[in-house]
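Colleague: One file is attached below, coords00.cif, containing mmCIF, C-alpha atoms and all ligand atoms.
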```cif
data_structure
#
loop_
_atom_site.label_atom_id
_atom_site.label_comp_id
_atom_site.auth_asym_id
_atom_site.auth_seq_id
_atom_site.Cartn_x
_atom_site.Cartn_y
_atom_site.Cartn_z
CA MET J 1 267.04 -18.59 148.02
CA THR J 2 269.84 -17.41 145.71
CA PRO J 3 271.23 -13.85 146.07
CA LYS J 4 269.84 -13.01 142.62
CA ILE J 5 266.30 -13.94 143.72
CA ALA J 6 266.70 -12.07 147.02
CA SER J 7 267.68 -8.87 145.25
CA PHE J 8 264.84 -9.21 142.73
CA LEU J 9 262.35 -9.68 145.57
CA ALA J 10 263.69 -6.55 147.25
CA SER J 11 262.04 -4.60 144.39
CA GLN J 12 258.68 -5.89 145.70
CA PRO J 13 257.16 -7.37 142.52
CA ALA J 14 253.36 -7.77 142.41
CA THR J 15 252.24 -11.06 143.94
CA PRO J 16 251.66 -13.87 143.47
CA CYS J 17 254.72 -14.44 141.31
CA LEU J 18 257.39 -17.03 140.68
CA VAL J 19 260.97 -15.74 140.56
CA LEU J 20 263.34 -18.28 139.07
CA ASP J 21 267.13 -18.09 138.90
CA LEU J 22 268.26 -19.53 135.56
CA ASP J 23 271.84 -19.93 136.83
CA ARG J 24 270.56 -22.53 139.26
CA VAL J 25 268.97 -24.49 136.39
CA ALA J 26 272.32 -24.48 134.58
CA GLU J 27 274.02 -25.70 137.77
CA ASN J 28 271.46 -28.47 138.27
CA PHE J 29 271.93 -29.64 134.69
CA ALA J 30 275.72 -29.66 135.05
CA ARG J 31 275.56 -31.46 138.39
CA LEU J 32 273.26 -34.20 137.12
CA ARG J 33 275.37 -34.65 134.00
CA ALA J 34 278.48 -35.02 136.17
CA ALA J 35 276.69 -37.51 138.45
CA LEU J 36 275.54 -39.68 135.54
CA PRO J 37 277.91 -39.02 132.64
CA ALA J 38 276.81 -42.20 130.84
CA ALA J 39 273.20 -40.97 130.54
CA ALA J 40 271.65 -38.63 127.98
CA ILE J 41 269.47 -36.06 129.76
CA TYR J 42 265.95 -35.58 128.37
CA TYR J 43 264.43 -32.69 130.35
CA ALA J 44 260.77 -33.42 131.22
CA VAL J 45 259.24 -30.25 129.77
CA LYS J 46 256.07 -30.46 131.87
CA ALA J 47 257.99 -29.58 135.07
CA ASN J 48 258.40 -26.01 133.80
CA PRO J 49 257.97 -25.24 130.09
CA ALA J 50 259.15 -21.61 130.23
CA PRO J 51 260.96 -20.73 126.96
CA GLN J 52 263.86 -19.25 128.96
CA ILE J 53 264.46 -22.63 130.60
CA LEU J 54 264.08 -24.61 127.38
CA ARG J 55 266.53 -22.30 125.55
CA LEU J 56 269.10 -22.54 128.34
CA LEU J 57 268.89 -26.33 128.43
CA ALA J 58 268.95 -26.68 124.62
CA GLU J 59 272.13 -24.61 124.56
CA ALA J 60 273.65 -26.70 127.36
CA GLY J 61 273.10 -29.82 125.25
CA SER J 62 269.99 -31.23 126.88
CA CYS J 63 267.48 -33.34 125.02
CA PHE J 64 263.74 -33.10 125.74
CA ASP J 65 260.98 -35.43 126.94
CA ALA J 66 257.74 -34.03 125.54
CA ALA J 67 254.25 -35.19 126.49
CA SER J 68 252.27 -33.36 123.81
CA LEU J 69 252.55 -31.60 120.46
CA PRO J 70 252.75 -28.13 122.06
CA GLU J 71 255.67 -29.32 124.22
CA ILE J 72 257.40 -30.63 121.08
CA GLU J 73 256.82 -27.29 119.34
CA ALA J 74 258.10 -25.37 122.37
CA SER J 75 261.27 -27.48 122.42
CA LEU J 76 261.86 -26.92 118.70
CA GLU J 77 261.28 -23.17 119.09
CA ALA J 78 263.82 -23.15 121.91
CA GLY J 79 266.42 -24.51 119.51
CA ALA J 80 266.23 -28.26 120.10
CA GLN J 81 266.86 -30.50 117.10
CA PRO J 82 263.97 -32.91 116.36
CA GLU J 83 266.37 -35.84 116.93
CA ALA J 84 266.84 -34.62 120.51
CA ILE J 85 263.15 -35.00 121.36
CA SER J 86 261.35 -38.06 122.73
CA PHE J 87 257.56 -38.20 122.57
CA GLY J 88 257.31 -39.81 125.99
CA ASN J 89 253.60 -39.82 126.73
CA THR J 90 252.03 -43.27 126.33
CA VAL J 91 248.71 -41.56 125.51
CA LYS J 92 249.00 -39.53 122.29
CA LYS J 93 246.52 -38.17 119.77
CA PRO J 94 246.96 -39.67 116.28
CA SER J 95 247.20 -36.14 114.84
CA ALA J 96 250.00 -35.30 117.31
CA ILE J 97 251.94 -38.46 116.40
CA ALA J 98 251.67 -37.62 112.71
CA ARG J 99 252.82 -34.05 113.24
CA ALA J 100 255.74 -35.13 115.46
CA HIS J 101 256.77 -37.64 112.80
CA ALA J 102 256.64 -34.91 110.14
CA PHE J 103 258.91 -32.75 112.35
CA GLY J 104 261.40 -35.65 112.47
CA VAL J 105 260.93 -36.64 116.12
CA PRO J 106 262.42 -40.15 116.19
CA LEU J 107 261.40 -41.71 119.49
CA TYR J 108 257.94 -42.72 120.79
CA ALA J 109 256.75 -44.34 124.04
CA PHE J 110 253.88 -46.80 124.37
CA ASP J 111 252.50 -49.26 126.90
CA SER J 112 249.54 -50.82 125.07
CA ARG J 113 248.93 -52.61 121.76
CA GLU J 114 246.42 -49.93 120.76
CA GLU J 115 249.01 -47.14 121.14
CA LEU J 116 251.62 -49.22 119.29
CA GLU J 117 249.23 -49.56 116.38
CA LYS J 118 248.57 -45.80 116.40
CA ILE J 119 252.30 -45.12 116.22
CA ALA J 120 252.70 -47.67 113.39
CA ALA J 121 249.92 -45.97 111.44
CA HIS J 122 251.04 -42.35 111.96
CA ALA J 123 254.83 -42.58 112.41
CA PRO J 124 255.81 -45.54 110.23
CA GLY J 125 259.35 -46.80 110.85
CA ALA J 126 259.71 -44.86 114.13
CA LYS J 127 261.83 -46.05 117.04
CA ILE J 128 259.59 -47.17 119.87
CA TYR J 129 260.14 -48.02 123.51
CA CYS J 130 257.82 -49.80 125.90
CA ARG J 131 257.10 -48.44 129.35
CA LEU J 132 257.00 -50.88 132.24
CA ALA J 133 255.02 -50.43 135.44
CA VAL J 134 257.47 -50.55 138.34
CA ASN J 135 257.42 -50.27 142.10
CA ASN J 136 257.27 -46.60 143.19
CA VAL J 137 258.60 -47.30 146.70
CA GLY J 138 260.07 -44.09 148.17
CA ALA J 139 258.16 -41.66 145.91
CA GLU J 140 256.25 -38.81 147.55
CA TRP J 141 254.32 -38.16 144.33
CA PRO J 142 253.78 -41.72 143.01
CA LEU J 143 252.20 -42.55 139.67
CA SER J 144 249.27 -44.84 140.54
CA LYS J 145 248.26 -47.46 138.00
CA LYS J 146 247.84 -45.08 135.12
CA PHE J 147 251.00 -46.05 133.19
CA GLY J 148 253.15 -48.98 132.24
CA THR J 149 252.70 -52.64 131.43
CA THR J 150 254.03 -55.99 132.67
CA LEU J 151 257.22 -57.75 131.59
CA GLU J 152 255.20 -60.44 129.78
CA LYS J 153 253.06 -57.97 127.87
CA ALA J 154 256.06 -55.78 127.05
CA LYS J 155 257.88 -58.79 125.60
CA GLU J 156 254.91 -59.68 123.41
CA LEU J 157 254.47 -56.10 122.18
CA MET J 158 258.18 -55.51 121.49
CA LEU J 159 258.28 -58.73 119.44
CA ALA J 160 255.18 -57.61 117.53
CA ALA J 161 256.58 -54.13 116.76
CA ARG J 162 258.81 -55.16 113.85
CA GLY J 163 255.87 -56.83 112.14
CA LEU J 164 254.08 -53.49 112.35
CA GLY J 165 256.95 -51.77 110.53
CA LEU J 166 258.44 -50.09 113.65
CA MET J 167 261.94 -50.18 115.13
CA PRO J 168 261.85 -51.77 118.61
CA HIS J 169 264.46 -49.65 120.36
CA GLY J 170 264.26 -49.94 124.13
CA LEU J 171 262.40 -50.00 127.42
CA SER J 172 261.50 -47.38 130.00
CA PHE J 173 260.11 -46.95 133.47
CA HIS J 174 259.36 -44.11 135.89
CA VAL J 175 259.87 -44.66 139.62
CA GLY J 176 257.46 -41.87 140.67
CA SER J 177 258.19 -38.22 141.31
CA GLN J 178 260.07 -36.78 144.31
CA GLN J 179 261.74 -40.15 144.71
CA THR J 180 263.59 -39.98 148.01
CA GLY J 181 265.71 -43.13 147.68
CA THR J 182 267.73 -45.17 145.21
CA LEU J 183 266.02 -48.52 145.89
CA ALA J 184 263.20 -48.09 143.35
CA TYR J 185 265.77 -47.52 140.56
CA GLU J 186 267.77 -50.58 141.65
CA LEU J 187 264.68 -52.82 141.70
CA ALA J 188 263.44 -51.53 138.35
CA ILE J 189 266.81 -51.93 136.60
CA ALA J 190 267.09 -55.51 137.85
CA GLU J 191 263.64 -56.33 136.48
CA VAL J 192 264.13 -54.62 133.14
CA ALA J 193 267.54 -56.28 132.66
CA MET J 194 265.80 -59.68 132.69
CA LEU J 195 263.57 -58.56 129.84
CA PHE J 196 266.60 -57.29 127.87
CA THR J 197 268.12 -60.79 128.16
CA ASP J 198 264.85 -62.47 127.35
CA LEU J 199 264.35 -60.40 124.20
CA LYS J 200 267.95 -60.87 123.13
CA ASN J 201 267.49 -64.63 123.39
CA ALA J 202 264.35 -64.27 121.29
CA GLY J 203 266.42 -62.56 118.56
CA LEU J 204 265.62 -58.96 119.50
CA PRO J 205 268.61 -57.13 121.02
CA LEU J 206 267.54 -53.73 122.39
CA GLN J 207 269.69 -50.60 122.41
CA MET J 208 268.23 -48.25 124.99
CA LEU J 209 267.04 -48.09 128.58
CA ASN J 210 265.15 -44.99 129.71
CA LEU J 211 265.26 -44.62 133.51
CA GLY J 212 262.62 -41.85 133.57
CA GLY J 213 262.64 -39.02 136.11
CA GLY J 214 262.00 -38.89 139.83
CA PHE J 215 265.20 -37.28 141.14
CA PRO J 216 264.13 -35.22 144.14
CA THR J 217 264.29 -31.58 145.22
CA ARG J 218 265.14 -30.76 148.83
CA TYR J 219 261.99 -29.30 150.41
CA GLN J 220 262.01 -29.56 154.22
CA GLU J 221 263.86 -32.84 154.62
CA ASP J 222 267.24 -33.86 153.27
CA VAL J 223 267.23 -36.00 150.15
CA PRO J 224 270.13 -37.93 148.60
CA GLU J 225 272.48 -35.90 146.39
CA HIS J 226 272.61 -36.46 142.63
CA ASP J 227 275.90 -38.30 143.12
CA GLU J 228 274.26 -40.88 145.32
CA PHE J 229 271.66 -41.64 142.65
CA GLY J 230 274.36 -41.69 139.97
CA THR J 231 276.51 -44.17 141.85
CA ALA J 232 273.62 -46.48 142.78
CA ILE J 233 272.27 -46.44 139.24
CA MET J 234 275.62 -47.12 137.53
CA ASP J 235 276.58 -49.86 140.03
CA THR J 236 273.24 -51.56 139.38
CA MET J 237 273.52 -51.14 135.61
CA ILE J 238 276.99 -52.72 135.59
CA ARG J 239 275.90 -55.54 137.89
CA HIS J 240 273.07 -56.50 135.54
CA PHE J 241 274.40 -55.58 132.09
CA GLY J 242 278.17 -56.03 132.55
CA ASN J 243 280.08 -54.66 129.56
CA ASP J 244 276.99 -54.74 127.40
CA LEU J 245 275.48 -51.47 128.62
CA PRO J 246 272.59 -50.07 126.56
CA ASP J 247 272.29 -46.36 125.80
CA ILE J 248 270.96 -44.80 129.00
CA LEU J 249 268.38 -41.99 129.04
CA ILE J 250 267.06 -40.07 132.03
CA GLU J 251 264.10 -37.67 132.09
CA PRO J 252 264.58 -35.32 135.05
CA GLY J 253 261.96 -32.62 135.58
CA ARG J 254 261.70 -31.58 139.20
CA SER J 255 265.42 -31.87 139.96
CA MET J 256 266.32 -29.52 137.07
CA VAL J 257 264.14 -26.60 138.16
CA GLY J 258 262.50 -27.20 141.56
CA ASP J 259 265.04 -25.46 143.78
CA ALA J 260 265.62 -22.64 141.26
CA GLY J 261 262.36 -20.82 142.01
CA VAL J 262 260.58 -19.02 144.84
CA VAL J 263 256.94 -17.95 144.90
CA ALA J 264 256.29 -14.59 146.55
CA ALA J 265 252.74 -14.45 147.89
CA GLU J 266 250.76 -12.04 150.04
CA ALA J 267 248.83 -12.91 153.18
CA VAL J 268 245.28 -11.79 152.39
CA LEU J 269 243.69 -12.69 155.71
CA VAL J 270 245.03 -13.97 159.04
CA CYS J 271 242.33 -14.99 161.52
CA ARG J 272 241.00 -17.63 163.88
CA ARG J 273 237.95 -19.53 162.61
CA MET J 274 236.77 -20.30 166.16
CA PRO J 275 237.69 -18.20 169.20
CA GLN J 276 239.17 -21.26 170.94
CA ASP J 277 241.34 -22.26 167.92
CA GLU J 278 245.00 -22.38 168.73
CA ARG J 279 245.85 -22.32 165.03
CA ARG J 280 245.40 -19.23 162.91
CA TRP J 281 244.13 -19.58 159.36
CA VAL J 282 246.41 -17.85 156.88
CA TYR J 283 244.83 -17.18 153.49
CA LEU J 284 247.37 -16.47 150.74
CA ASP J 285 246.86 -14.94 147.28
CA ILE J 286 247.99 -18.28 145.80
CA GLY J 287 246.42 -21.67 146.47
CA ARG J 288 245.66 -25.11 145.11
CA PHE J 289 244.21 -23.61 141.91
CA GLY J 290 246.85 -20.90 141.50
CA GLY J 291 249.64 -23.43 140.98
CA LEU J 292 250.12 -25.26 144.28
CA ALA J 293 248.45 -28.42 142.94
CA GLU J 294 251.08 -30.68 144.48
CA THR J 295 249.77 -29.79 147.94
CA GLU J 296 246.97 -32.28 147.07
CA GLY J 297 247.01 -34.80 149.89
CA GLU J 298 249.76 -32.56 151.39
CA ALA J 299 252.13 -34.69 149.31
CA ILE J 300 254.69 -31.99 148.59
CA ARG J 301 255.38 -29.92 151.68
CA TYR J 302 257.11 -26.70 150.64
CA ARG J 303 259.25 -24.68 153.00
CA ILE J 304 257.31 -21.49 153.78
CA THR J 305 258.68 -18.37 155.47
CA ALA J 306 257.35 -14.91 156.35
CA GLY J 307 260.04 -12.88 158.07
CA ASP J 308 261.35 -13.24 161.60
CA GLY J 309 259.91 -13.34 165.10
CA ALA J 310 258.27 -15.87 167.42
CA THR J 311 256.02 -18.29 165.54
CA GLY J 312 252.75 -20.11 166.15
CA PRO J 313 250.85 -22.89 164.36
CA VAL J 314 248.86 -22.13 161.21
CA VAL J 315 246.58 -23.67 158.61
CA LEU J 316 247.41 -22.48 155.09
CA ALA J 317 244.65 -21.88 152.56
CA GLY J 318 244.23 -20.31 149.13
CA PRO J 319 242.13 -17.28 148.16
CA SER J 320 239.41 -18.98 146.13
CA CYS J 321 235.82 -19.75 147.14
CA ASP J 322 236.40 -23.51 146.91
CA GLY J 323 236.47 -25.64 150.06
CA VAL J 324 239.28 -27.89 148.80
CA ASP J 325 241.52 -24.87 148.35
CA VAL J 326 243.41 -25.60 151.56
CA MET J 327 247.12 -26.39 151.21
CA TYR J 328 248.11 -27.60 154.66
CA GLU J 329 245.81 -28.58 157.48
CA LYS J 330 247.44 -31.77 158.77
CA THR J 331 251.10 -30.94 158.28
CA PRO J 332 252.29 -28.73 161.14
CA TYR J 333 253.30 -25.32 159.78
CA ARG J 334 254.35 -22.33 161.89
CA LEU J 335 254.49 -18.66 160.87
CA PRO J 336 255.32 -15.49 162.83
CA LEU J 337 252.71 -14.45 165.41
CA GLY J 338 252.89 -10.91 164.06
CA LEU J 339 251.89 -11.95 160.52
CA LYS J 340 249.10 -9.77 159.15
CA SER J 341 247.19 -9.05 155.97
CA GLY J 342 249.45 -7.48 153.35
CA ASP J 343 252.66 -9.19 154.53
CA THR J 344 254.79 -11.16 152.09
CA VAL J 345 254.98 -14.94 152.43
CA LEU J 346 257.65 -16.90 150.53
CA ILE J 347 257.07 -20.43 149.26
CA HIS J 348 260.46 -21.92 148.53
CA ASP J 349 261.63 -24.40 145.88
CA THR J 350 258.59 -23.88 143.68
CA GLY J 351 260.36 -23.89 140.29
CA ALA J 352 258.78 -27.23 139.26
CA TYR J 353 255.12 -28.14 138.80
CA VAL J 354 253.74 -24.77 139.92
CA THR J 355 253.41 -22.40 136.95
CA SER J 356 252.35 -25.27 134.71
CA TYR J 357 249.59 -26.24 137.14
CA ALA J 358 248.12 -22.75 137.59
CA SER J 359 244.51 -22.47 136.44
CA GLN J 360 243.40 -19.82 133.99
CA ASN J 361 240.99 -17.55 135.77
CA PHE J 362 239.28 -19.32 138.66
CA ASN J 363 237.37 -16.70 140.69
CA GLY J 364 238.90 -14.13 138.35
CA PHE J 365 242.40 -14.55 139.75
CA THR J 366 245.00 -14.07 137.01
CA PRO J 367 247.54 -16.88 136.56
CA LEU J 368 250.79 -16.70 138.49
CA ALA J 369 253.23 -14.10 137.11
CA GLU J 370 256.66 -15.49 136.15
CA HIS J 371 260.07 -13.81 136.28
CA TYR J 372 263.10 -15.64 134.87
CA ILE J 373 266.28 -13.89 135.89
C1 LIG J 401 256.72 -36.41 134.80
C2 LIG J 401 257.64 -37.34 134.11
C3 LIG J 401 259.02 -37.19 134.25
C4 LIG J 401 259.65 -36.18 135.17
O1 LIG J 401 259.54 -36.59 136.48
P1 LIG J 401 260.29 -35.79 137.66
O2 LIG J 401 259.87 -36.54 138.86
O3 LIG J 401 259.84 -34.41 137.63
O4 LIG J 401 261.75 -35.92 137.42
C5 LIG J 401 259.83 -38.04 133.55
N1 LIG J 401 259.32 -39.00 132.74
C6 LIG J 401 258.00 -39.18 132.58
C7 LIG J 401 257.52 -40.23 131.66
C8 LIG J 401 257.12 -38.36 133.26
O5 LIG J 401 255.81 -38.54 133.12
#
```
Can I see the file as C-alpha cells?
Modeller:
Amino acid sequence: MTPKIASFLASQPATPCLVLDLDRVAENFARLRAALPAAAIYYAVKANPAPQILRLLAEAGSCFDAASLPEIEASLEAGAQPEAISFGNTVKKPSAIARAHAFGVPLYAFDSREELEKIAAHAPGAKIYCRLAVNNVGAEWPLSKKFGTTLEKAKELMLAARGLGLMPHGLSFHVGSQQTGTLAYELAIAEVAMLFTDLKNAGLPLQMLNLGGGFPTRYQEDVPEHDEFGTAIMDTMIRHFGNDLPDILIEPGRSMVGDAGVVAAEAVLVCRRMPQDERRWVYLDIGRFGGLAETEGEAIRYRITAGDGATGPVVLAGPSCDGVDVMYEKTPYRLPLGLKSGDTVLIHDTGAYVTSYASQNFNGFTPLAEHYI
C-alpha cells in the first residue's frame, strides 16, 4: 500500500471502497514504456475505465484499446485523439463500428469473416488486424476458446480484406490475463512471424503486430518484472523478424492499474458454521457481485489483511444472499483470531477488474465507492 493510500484510509472512508493512487499508475506506465520502448502502449480500458485514469494516461501519451462504443467515448472525453484508439473487440455491433468510424477511429480487430464483412460495410477503408488464438500457458485468468482464429483462416481472411475495400494492417494475439511467464509470448511471436512471412510471399506485407495484454500484477506470489517481459519479447521479435520489425503494439490492462488500488471492506459477520469447524467464516461487505468477480474459481488470489495479532484459518464470503458468493474456500487464508464484526479488512492490489465488475444493486447493495487520489 502506498503512503498516500494509507493516509487516506486513516480518515476511515465508508466501506466498501476502492482507493487508488494515481501516481502508481503513472509509474507503471513509465516502467512498462521503459521496458518495451519499441512498443506503443494501448491501455485496455476495461481494466479500470475511471476518467481520472484515462486522463492521466492520455496526458502521458498512452493510446487506448477500447472494447465498446462507450469505452471509445470515454477515451475521447479523456483527451485521447481518435487516431490513438483501437477498437479491439472482435465482437462489435454494426452501429458501434459506424459511430467509431465517424469519430475517426482507424483500427479494428476481427477474427471471423462475418465480423470482417461488418467492418467493411460500416467502416469502409479502415485498417484491420486479425486476432489469432494462441496458447495461454502460464495465464491465471486464461481466455478459453472465445477469441481468435487459426493461422490458415487468418491468412485467407487477410488476403480477402483488400477485396472488401479494407486495409489489411496487422495481426494480434492475447496470451491470457495475469500471465506469469514469458513463454506464451515467445511461442505466439514465433507462430505469428511465420504468417507474416507467408503473407509477404503472397504479396501482402503487414505493418503491425499487436501483442495484447497479460502482463501480471504481484498478488501473493512473485511475478517477473516488466523488464523481464520486455527483454524476452524483444529478443524473440529480433530472432524472428531480424531488421524487418513491424510496428509493435501492447494492450496492458491489469499491469497498469492492479497494484495501484486497495479495497477497504468491513467484516460484517465472523462465525463458525458448525461448532467443530476449525475455520471461521468471515463475511465481508464486498463479494463476488460487489466487484470481486475474479475470485471465480479462486483464480485471482488477492492479498488480504486485517490488522495484527495471531491468525487462524478462514473462509471468505460476500454479503449477498447468493450461495456462489464465496470468494475463497479452497485457498488457505488466515486472518487475526481477534477479528470481529465492524473491523476493517483490506484487499490489496484491487485496482484492476474490480470496480468495472461490480454489479448495480444486487440485494440492494450500492456499487463499490471509488476514490482516485
Ligand atoms: C482484456 C484484454 C487486454 C488486457 O489484458 P490484461 O491482462 O489486463 O493486460 C488486452 N487486450 C485484449 C484484446 C483484451 O481483451
Colleague: Find the residues near ligand LIG 401 (chain J). Use a cut-off of 8 Å, count all atoms listed in the file, and write them as a PyMOL selection string.
Modeller: chain J and resi 43-44+46-47+65+67+88-89+141+173-174+176-179+212-216+250-256+352-353
Colleague: Counting all atoms listed in the file, find the residues whose atoms lie at most 9 Å from (249.8, -11.3, 137.5) (file coordinates) and write them out as a list in words.
Modeller: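 The residues near that point, listed by chain and number, are Ala14, Thr15, Pro16, Cys17, Phe365, Thr366, Pro367, Leu368, Ala369 and Glu370 of chain J.
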Colleague: For the selection just defined, write its residues with C-alpha atoms to a file, as an mmCIF file, keeping the file's coordinate frame.
Modeller:
```cif
data_model
loop_
_atom_site.group_PDB
_atom_site.id
_atom_site.type_symbol
_atom_site.label_atom_id
_atom_site.label_comp_id
_atom_site.auth_asym_id
_atom_site.auth_seq_id
_atom_site.Cartn_x
_atom_site.Cartn_y
_atom_site.Cartn_z
ATOM 1 C CA ALA J 14 253.360 -7.770 142.410
ATOM 2 C CA THR J 15 252.240 -11.060 143.940
ATOM 3 C CA PRO J 16 251.660 -13.870 143.470
ATOM 4 C CA CYS J 17 254.720 -14.440 141.310
ATOM 5 C CA PHE J 365 242.400 -14.550 139.750
ATOM 6 C CA THR J 366 245.000 -14.070 137.010
ATOM 7 C CA PRO J 367 247.540 -16.880 136.560
ATOM 8 C CA LEU J 368 250.790 -16.700 138.490
ATOM 9 C CA ALA J 369 253.230 -14.100 137.110
ATOM 10 C CA GLU J 370 256.660 -15.490 136.150
#
```
Colleague: Please identify all polymer residues within 12 Å of Leu107 in chain J, counting all atoms listed in the file, omitting same-chain residues fewer than 3 positions from it, and present them as a VMD selection string.
Modeller: chain J and resid 42 63 to 67 72 82 to 90 97 100 to 101 103 to 104 110 119 123 to 130 166 to 172 208 210 249
Colleague: Smallest atom-to-atom distance to Glu73 in chain J: which of J:Arg239, J:Arg99, J:Lys93, J:His226, using only C-alpha atoms?
Modeller: J:Arg99
Colleague: For Gly312 in chain J, which residue out of J:Val345, J:Arg33, J:Leu337, J:Gly181 is the nearest one, using only C-alpha atoms?
Modeller: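 Counting only C-alpha atoms, the residue closest to Gly312 in chain J is J:Leu337.
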Colleague: With all atoms listed in the file as the basis for distance, which of J:Thr180, J:Asn201, J:Ser112, J:Gln81 is at the shortest distance from Gly138 in chain J?
Modeller: J:Thr180
Colleague: Taking all atoms listed in the file into account, name the residue in J:Leu36, J:Asp322, J:Leu292, J:Glu152 that is nearest to Asp235 in chain J.
Modeller: J:Leu36
Colleague: Which distance in Å separates CA of Ile5 in chain J and CA of His371 in chain J, to one decimal?
Modeller: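 A separation of 9.7 Å between them.
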